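Have a look at the structure below, then the notes.
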Amino acid sequence: MEFTAKQIADFLGGHIEGDENIKVNRVSKIEEATGGSLTFLANPSYTSYVYNTDASIILVNKDFKAERPVKNTLIRVDNAYNALAKLLEFYNKSKPEKKGISSMAYVSASAKVGKNSYIGEFSYLGDNVEIGSGVKIYPQSFIGDNVKIGNNTIIYAGVKIYENSLIGKDCTLHSGAVIGSDGFGFAVQTDSNYKKIAQIGNVVIEDSVEIGSNTTIDRATIGSTVIRKGVKLDNLIQIGHNVIIDENTVMAGQVGIAGSTKVGKSCMFGGQVGISGHLTIGDNVKIAAKSGVGSNIKSGEIIMGSPAFNANIFKKSYVHFRNFEKLVKKIDQLENELKNLKDNK
Amino acid sequence: MEFTAKQIADFLGGHIEGDENIKVNRVSKIEEATGGSLTFLANPSYTSYVYNTDASIILVNKDFKAERPVKNTLIRVDNAYNALAKLLEFYNKSKPEKKGISSMAYVSASAKVGKNSYIGEFSYLGDNVEIGSGVKIYPQSFIGDNVKIGNNTIIYAGVKIYENSLIGKDCTLHSGAVIGSDGFGFAVQTDSNYKKIAQIGNVVIEDSVEIGSNTTIDRATIGSTVIRKGVKLDNLIQIGHNVIIDENTVMAGQVGIAGSTKVGKSCMFGGQVGISGHLTIGDNVKIAAKSGVGSNIKSGEIIMGSPAFNANIFKKSYVHFRNFEKLVKKIDQLENELKNLKDNK
Amino acid sequence: MEFTAKQIADFLGGHIEGDENIKVNRVSKIEEATGGSLTFLANPSYTSYVYNTDASIILVNKDFKAERPVKNTLIRVDNAYNALAKLLEFYNKSKPEKKGISSMAYVSASAKVGKNSYIGEFSYLGDNVEIGSGVKIYPQSFIGDNVKIGNNTIIYAGVKIYENSLIGKDCTLHSGAVIGSDGFGFAVQTDSNYKKIAQIGNVVIEDSVEIGSNTTIDRATIGSTVIRKGVKLDNLIQIGHNVIIDENTVMAGQVGIAGSTKVGKSCMFGGQVGISGHLTIGDNVKIAAKSGVGSNIKSGEIIMGSPAFNANIFKKSYVHFRNFEKLVKKIDQLENELKNLKDNK
């Protein structure tokens, strides 16, 4: 697909400086852009690239002031980053859409599929499954008995959704995600064997949730494991049974949340964070990457470390940890001086 | 499915107080139960819910003494939690069973499948595969050449088992688990390239093992990676080549065990624990979540930290770490006082 | 398959001491070898096994001097470990090869498949896919639209490759690996919702790369996430969007690299290492298992800890951390002594 500067400026409501007929066929980062690329300047630290890039068109903020001549065509917009996001979304939506129910899929006679949905090859839809309209289920996905999936949700290739799970609308589940596998519940027996506790609950995923590739969410023992509206989970995350994650909380890759923990709204967890079971994490909690959380955390806290505590205090402690050798030498010296003082007394 | 209080009391050997004809159709947690639910009181800290819940039936320990009138029907049993587990298991087993070999599966002409087994759509059984009786292989699973699977084992959707792996009876493998992928073995070459060491061993999983979703277990370079009887592995765990995990050891999510390490019996590892390669971990070792283990550990030890050591000592050290800023101020003050003392001498 | 000592010695260019007609049918570790096994002595600490093993043939270095009589047949070679690796590779290649395009696969009319390639059952090849010659794609893999895969690459069962990804030649991708899922990019909105940033870039994997099972590599927002020639990634690793990993870098299991970070050549990362986004890691950097990296790292550094710093300094600090209780007692004692000194002055 090719677009002219004029078409793009019209779409974005922007103002052209340069050749309105110049054409681009791709979007590139400013440090990599070549002729035929559209690029953008959102971060001021990349400004120097503006004077050297071969990009055909550069999106800039409307108040951008060039300090040297710019040979490229500029499109001035209110906010270059937002304009870029809008363009990327448009570009993405212009791709050919997958449609129809493949004859190489398995769809139970009792399953219902809404209008304009796509069921790819080798996907399996179990008994009593209900799929909304505009849903895309890519190849090789497993949708267990009684699962319901809301309108316009995208299930990429190879997602596995166990029976009775409920998935909202406008969700995206990436390849290899597993929804509804058994919670990890065993009762130790007198002979030190473990007996499995049957896991009869389910998983409920509300609207506008994104689940990364190979992320796993266990079903509840009884009741539901719940991922509320707008939650975004990155790849390879583990969510234990009966966990509840409240609205708009975001977790980076490889986070693990043990069973029955409740996480509040609008939290942000860095990568590889781990949280023990049966805890309550408040709203707007920020947890630094790699932290381990072993106690309840109040709303608004920013924590770090393993076990995690106040991030500012952690950072101060860690500076001293890095200089521990010097500190110990200092203490040894104090000890010696004190000894001398006593001896000479 | 609906059951009366009488049917449930008979099944559990319990004693009814209230309406023996009242019906329930689901199990709920006591804080969420509504009319038509069966619930339970196992943890005394939830006792207050007994007087307010709308649950139709409450399982209680036989020695439970109500301090106020209870409107609901009670069933008194020896141990409410065990009775619940028994009910959940019964409930789980009463679900309709998947059966038969799908015509949409691929079964090699040389593969053998035992009686009453289920082979789901789009599953693949390679050459010389031997499947026991009562085995369930859900859709989209891959069973490589020469793999053997014992009676009554459940393989959920999308499990991948590489050739020559041996799986015992009464095991459960959850979706996305990968058994028998190549061990991570490379020999560095003079030009700083790596040359792959062929991995010709296999994986042996004994009876009554549970493997969580998206957990990966690598084949041995030579010999076998072995998961012994009764081991329970949670989701997203990595087990390296030639590792041996002894009976009834339990590991929480996202644990990683590097190649050739031997883990003893009845160990318990918290989430995100990592263990280096070529180590020996004794029996009954407990490792706190997020610990990193870099040395051999004796039987019965409880360890924590990264690198991990005695958990009690770790906790004491960590308290001081949290107060490091104060400690350093104290040392500075001592230094000043000492200086003053010397100067004034 | 059975081989005589003579056949093996001829293949390896080795020298036989003992029965040149003795036959073996498997390779075993020296501590586990039984009659009919070929084994090897590469690590001197295993020498004592030479005098007791029932292995039929032992590979030894040519300068090996037996201190006691050895009943087994020896084959002396220049380097026993390299000879073993050569044998394992030969053994591996002698397995029957999978061939042909299964009639139970889906291959788009516009996809091209090279000579001598294998496309297994229930695999999906999208529009405009180009597969080289000698490529093996095991069952249940997903190859999205416009994906290109170079000659002799092996894609094991259940790998998912999103559209537009480019995979080099001689690569190995293990089961459950996900290539090209969306980068984790969201813009926070005024109502605290997040809006997804469309991810229109791709993943480029160069030649001779190995990707472990259930490892995930996200596509770039714009441009490419790049894994250069010879990189080896173990299982359950997370690579964020726009990351670049340079030649011959090796990462152990469960490592996570956040978005836009650049990793140099010939680095070695231990298991469960995490690296924040937008960082630059130099060449030949070694990072100890479980470390968390939050800043740029210069070439050749060896680092440890979370946040990670110089490994030698970390180790010294950690020794003091382990003895923190004693140190605090010593400080308290100094304080007391100082107080006494002042009081008695």
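Identifiers for the structure tokens are assigned positionally: chains receive A, B, ... in sequence, residues are indexed from 1 per chain, and ligands are indexed from 1 in the order shown.
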### Query
Got a sec: who's within 6 Å of Gly274 in chain A, counting only C-alpha atoms, leaving out chain neighbours fewer than 4 positions off, as a ChimeraX atom specification?
/A:255-257,292
Within 9 Å of chain B, which residues of chain C are there when counting only C-alpha atoms? Please give them as a CSV table (one decimal) with N, CA and C atoms, in the first residue's frame.
```
chain,number,residue,atom,x,y,z
C,27,VAL,N,24.5,-45.9,24.0
C,27,VAL,CA,25.5,-45.1,24.6
C,27,VAL,C,25.0,-44.8,26.0
C,28,SER,N,25.8,-45.0,27.1
C,28,SER,CA,25.4,-44.8,28.4
C,28,SER,C,26.4,-44.0,29.2
C,29,LYS,N,26.0,-43.3,30.3
C,29,LYS,CA,26.9,-42.6,31.2
C,29,LYS,C,27.7,-43.7,31.9
C,32,GLU,N,26.3,-45.6,34.8
C,32,GLU,CA,25.0,-46.3,34.6
C,32,GLU,C,25.2,-47.4,33.5
C,82,ASN,N,34.9,-35.0,22.5
C,82,ASN,CA,34.6,-34.7,21.1
C,82,ASN,C,34.2,-35.9,20.3
C,85,ALA,N,30.7,-36.7,21.2
C,85,ALA,CA,29.7,-35.8,20.5
C,85,ALA,C,29.5,-36.2,19.0
C,86,LYS,N,30.6,-36.6,18.4
C,86,LYS,CA,30.6,-37.1,17.0
C,86,LYS,C,29.7,-38.3,16.9
C,87,LEU,N,29.9,-39.2,17.8
C,87,LEU,CA,29.1,-40.5,17.8
C,87,LEU,C,27.6,-40.2,18.0
C,88,LEU,N,27.3,-39.3,19.0
C,88,LEU,CA,25.9,-38.9,19.3
C,88,LEU,C,25.2,-38.3,18.1
C,89,GLU,N,26.0,-37.5,17.4
C,89,GLU,CA,25.5,-36.8,16.2
C,89,GLU,C,25.2,-37.9,15.1
C,90,PHE,N,26.1,-38.8,15.0
C,90,PHE,CA,25.9,-39.9,14.0
C,90,PHE,C,24.7,-40.7,14.3
C,91,TYR,N,24.6,-41.0,15.6
C,91,TYR,CA,23.5,-41.8,16.1
C,91,TYR,C,22.1,-41.1,15.8
C,92,ASN,N,22.1,-39.8,16.1
C,92,ASN,CA,20.9,-39.0,15.9
C,92,ASN,C,20.5,-39.0,14.4
C,104,MET,N,-2.9,-34.3,5.7
C,104,MET,CA,-3.7,-33.7,6.8
C,104,MET,C,-3.1,-32.4,7.3
C,121,GLU,N,1.3,-33.5,10.0
C,121,GLU,CA,-0.2,-33.4,10.1
C,121,GLU,C,-0.6,-32.2,10.9
C,122,PHE,N,-1.7,-31.6,10.5
C,122,PHE,CA,-2.3,-30.5,11.3
C,122,PHE,C,-1.5,-29.2,11.3
C,139,PRO,N,4.1,-31.8,13.2
C,139,PRO,CA,2.7,-31.6,13.3
C,139,PRO,C,2.3,-30.4,14.1
C,140,GLN,N,1.2,-29.8,13.8
C,140,GLN,CA,0.5,-28.8,14.6
C,140,GLN,C,1.2,-27.5,14.8
C,156,TYR,N,9.8,-27.9,15.4
C,156,TYR,CA,9.1,-29.1,16.1
C,156,TYR,C,7.6,-28.8,16.3
C,157,ALA,N,7.0,-29.8,16.9
C,157,ALA,CA,5.5,-29.8,16.9
C,157,ALA,C,5.0,-28.6,17.7
C,158,GLY,N,4.0,-28.0,17.2
C,158,GLY,CA,3.2,-26.9,17.9
C,158,GLY,C,3.9,-25.6,18.0
C,174,HIS,N,12.0,-25.3,19.1
C,174,HIS,CA,11.3,-26.4,19.8
C,174,HIS,C,9.9,-26.1,20.1
C,175,SER,N,9.2,-27.2,20.5
C,175,SER,CA,7.7,-27.1,20.6
C,175,SER,C,7.3,-26.0,21.5
C,176,GLY,N,6.2,-25.4,21.1
C,176,GLY,CA,5.5,-24.4,21.9
C,176,GLY,C,6.2,-23.0,21.8
C,212,GLY,N,14.4,-22.5,22.4
C,212,GLY,CA,13.9,-23.6,23.3
C,212,GLY,C,12.4,-23.6,23.3
C,213,SER,N,11.9,-24.7,24.0
C,213,SER,CA,10.5,-24.9,24.0
C,213,SER,C,9.8,-23.8,24.8
C,214,ASN,N,8.6,-23.4,24.4
C,214,ASN,CA,7.8,-22.4,25.0
C,214,ASN,C,8.4,-21.1,25.2
C,230,GLY,N,23.6,-17.7,15.1
C,230,GLY,CA,24.3,-18.5,16.1
C,230,GLY,C,23.8,-18.4,17.5
C,231,VAL,N,22.8,-17.5,17.8
C,231,VAL,CA,22.3,-17.3,19.1
C,231,VAL,C,21.6,-18.6,19.6
C,232,LYS,N,21.7,-19.0,20.9
C,232,LYS,CA,21.1,-20.1,21.4
C,232,LYS,C,20.2,-19.7,22.6
C,233,LEU,N,18.9,-19.9,22.5
C,233,LEU,CA,18.0,-19.6,23.6
C,233,LEU,C,17.4,-20.8,24.2
C,234,ASP,N,17.5,-21.0,25.5
C,234,ASP,CA,16.9,-22.2,26.2
C,234,ASP,C,15.4,-22.0,26.3
C,235,ASN,N,14.8,-22.8,27.1
C,235,ASN,CA,13.3,-22.8,27.2
C,235,ASN,C,12.7,-21.7,28.0
C,236,LEU,N,11.5,-21.3,27.7
C,236,LEU,CA,10.7,-20.4,28.5
C,236,LEU,C,11.3,-19.0,28.7
C,247,GLU,N,25.3,-11.9,17.6
C,247,GLU,CA,25.8,-13.2,17.3
C,247,GLU,C,26.3,-14.1,18.5
C,248,ASN,N,25.9,-15.3,18.4
C,248,ASN,CA,26.5,-16.3,19.4
C,248,ASN,C,26.3,-16.0,20.8
C,252,ALA,N,20.4,-19.1,29.2
C,252,ALA,CA,19.7,-20.3,29.9
C,252,ALA,C,18.2,-20.0,30.1
C,253,GLY,N,17.6,-21.0,30.6
C,253,GLY,CA,16.1,-21.0,30.7
C,253,GLY,C,15.5,-19.8,31.5
C,254,GLN,N,14.3,-19.4,31.1
C,254,GLN,CA,13.5,-18.4,31.9
C,254,GLN,C,14.1,-17.0,32.0
C,266,SER,N,28.3,-12.9,21.8
C,266,SER,CA,29.0,-13.9,22.7
C,266,SER,C,28.8,-13.7,24.1
C,270,GLY,N,22.9,-16.6,32.7
C,270,GLY,CA,22.4,-17.7,33.5
C,270,GLY,C,20.9,-17.7,33.5
C,271,GLY,N,20.3,-18.7,34.1
C,271,GLY,CA,18.9,-18.9,34.1
C,271,GLY,C,18.2,-17.8,34.9
C,272,GLN,N,17.0,-17.4,34.5
C,272,GLN,CA,16.1,-16.5,35.2
C,272,GLN,C,16.7,-15.1,35.3
C,289,ALA,N,23.2,-16.3,37.1
C,289,ALA,CA,21.8,-16.7,37.1
C,289,ALA,C,21.0,-15.8,38.1
C,290,LYS,N,19.7,-15.5,37.8
C,290,LYS,CA,18.8,-14.8,38.7
C,290,LYS,C,19.1,-13.3,38.8
C,305,GLY,N,23.6,-10.2,40.9
C,305,GLY,CA,22.7,-9.5,41.9
C,305,GLY,C,21.5,-8.9,41.2
C,318,TYR,N,28.0,-10.1,49.7
C,318,TYR,CA,27.0,-11.1,50.1
C,318,TYR,C,27.5,-11.9,51.3
C,321,PHE,N,26.6,-9.9,54.1
C,321,PHE,CA,25.2,-10.0,54.3
C,321,PHE,C,24.8,-11.3,55.1
C,322,ARG,N,25.5,-12.3,54.7
C,322,ARG,CA,25.2,-13.6,55.5
C,322,ARG,C,25.6,-13.5,56.9
C,323,ASN,N,26.6,-12.7,57.2
C,323,ASN,CA,27.1,-12.5,58.6
C,323,ASN,C,26.6,-11.3,59.3
C,324,PHE,N,25.5,-10.8,58.7
C,324,PHE,CA,25.0,-9.4,59.1
C,324,PHE,C,24.7,-9.4,60.7
C,325,GLU,N,24.1,-10.5,61.2
C,325,GLU,CA,23.8,-10.5,62.6
C,325,GLU,C,25.0,-10.3,63.5
C,328,VAL,N,26.2,-6.7,63.3
C,328,VAL,CA,25.4,-5.8,64.1
C,328,VAL,C,25.8,-6.0,65.6
C,331,ILE,N,28.9,-4.1,66.2
C,331,ILE,CA,28.7,-2.7,66.3
C,331,ILE,C,28.1,-2.3,67.6
C,334,LEU,N,30.8,-2.3,70.1
C,334,LEU,CA,31.6,-1.1,70.0
C,334,LEU,C,30.9,0.1,70.6
C,335,GLU,N,29.7,0.2,70.4
C,335,GLU,CA,28.9,1.3,70.9
C,335,GLU,C,29.0,1.3,72.5
C,338,LEU,N,32.4,2.1,73.7
C,338,LEU,CA,32.7,3.6,73.5
C,338,LEU,C,31.9,4.3,74.6
C,341,LEU,N,33.8,4.0,77.8
C,341,LEU,CA,35.0,4.8,77.7
C,341,LEU,C,34.7,6.2,78.0
C,342,LYS,N,33.6,6.7,77.4
C,342,LYS,CA,33.2,8.1,77.6
C,342,LYS,C,32.8,8.3,79.1
```
### Query
Near Asp19 in chain A, counting only C-alpha atoms, which residues have an atom at most 10 Å away, once you skip same-chain residues fewer than 5 positions from it, shown as a ChimeraX atom specification?
/A:4-6,56-57,72-74
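Counting only C-alpha atoms, Gly114 in chain A has the following residues at most 6 Å away, ignoring those fewer than 2 positions along the same chain: Ile131, Gly132 and Ser133 of chain A.
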File dump, residues just selected, C-alpha atoms, as a short mmCIF file (atom, residue, chain, number, x, y, z; two decimals), in the first residue's frame:
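File produced: result_22.cif:
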```
data_model
loop_
_atom_site.label_atom_id
_atom_site.label_comp_id
_atom_site.auth_asym_id
_atom_site.auth_seq_id
_atom_site.Cartn_x
_atom_site.Cartn_y
_atom_site.Cartn_z
CA ILE A 131 -18.76 -17.52 20.09
CA GLY A 132 -19.88 -13.90 19.56
CA SER A 133 -19.79 -11.96 16.30
#
```
### Task
Pick out the closest residue to Val204 in chain C from this set: C:Ile137, C:Leu173, C:Val147, C:Ile16. Count only C-alpha atoms.
C:Val147
### Summary
CA of Asn296 in chain B to CA of Thr261 in chain B measures 9.4 Å
### Task
Mind the document's chain letters and residue numbers, and return as a ChimeraX atom specification the residues of range 25-237 of chain B that DSSP labels alpha helix (DSSP H).
/B:80-93
So that I have them on file, write out the residues from the current selection with C-alpha atoms, as a PDB file, in the first residue's frame.
```pdb
ATOM      1  CA  ALA B  80     -15.431 -30.767  56.681  1.00  0.00           C
ATOM      2  CA  TYR B  81     -12.438 -30.129  54.408  1.00  0.00           C
ATOM      3  CA  ASN B  82     -11.893 -33.797  53.594  1.00  0.00           C
ATOM      4  CA  ALA B  83     -15.606 -34.222  53.011  1.00  0.00           C
ATOM      5  CA  LEU B  84     -15.521 -31.253  50.637  1.00  0.00           C
ATOM      6  CA  ALA B  85     -12.565 -32.718  48.721  1.00  0.00           C
ATOM      7  CA  LYS B  86     -14.490 -35.984  48.414  1.00  0.00           C
ATOM      8  CA  LEU B  87     -17.540 -34.131  47.081  1.00  0.00           C
ATOM      9  CA  LEU B  88     -15.482 -32.094  44.596  1.00  0.00           C
ATOM     10  CA  GLU B  89     -13.920 -35.270  43.292  1.00  0.00           C
ATOM     11  CA  PHE B  90     -17.329 -36.891  42.952  1.00  0.00           C
ATOM     12  CA  TYR B  91     -18.673 -33.805  41.178  1.00  0.00           C
ATOM     13  CA  ASN B  92     -15.712 -33.775  38.830  1.00  0.00           C
ATOM     14  CA  LYS B  93     -16.082 -37.441  37.944  1.00  0.00           C
TER      15      LYS B  93
END
```
### Task
Check range 106-137 of chain B with DSSP on the backbone and list each residue it calls strand (DSSP E), as a PyMOL selection string.
chain B and resi 106-107+112-113+118-119+124-125+130-131+136-137
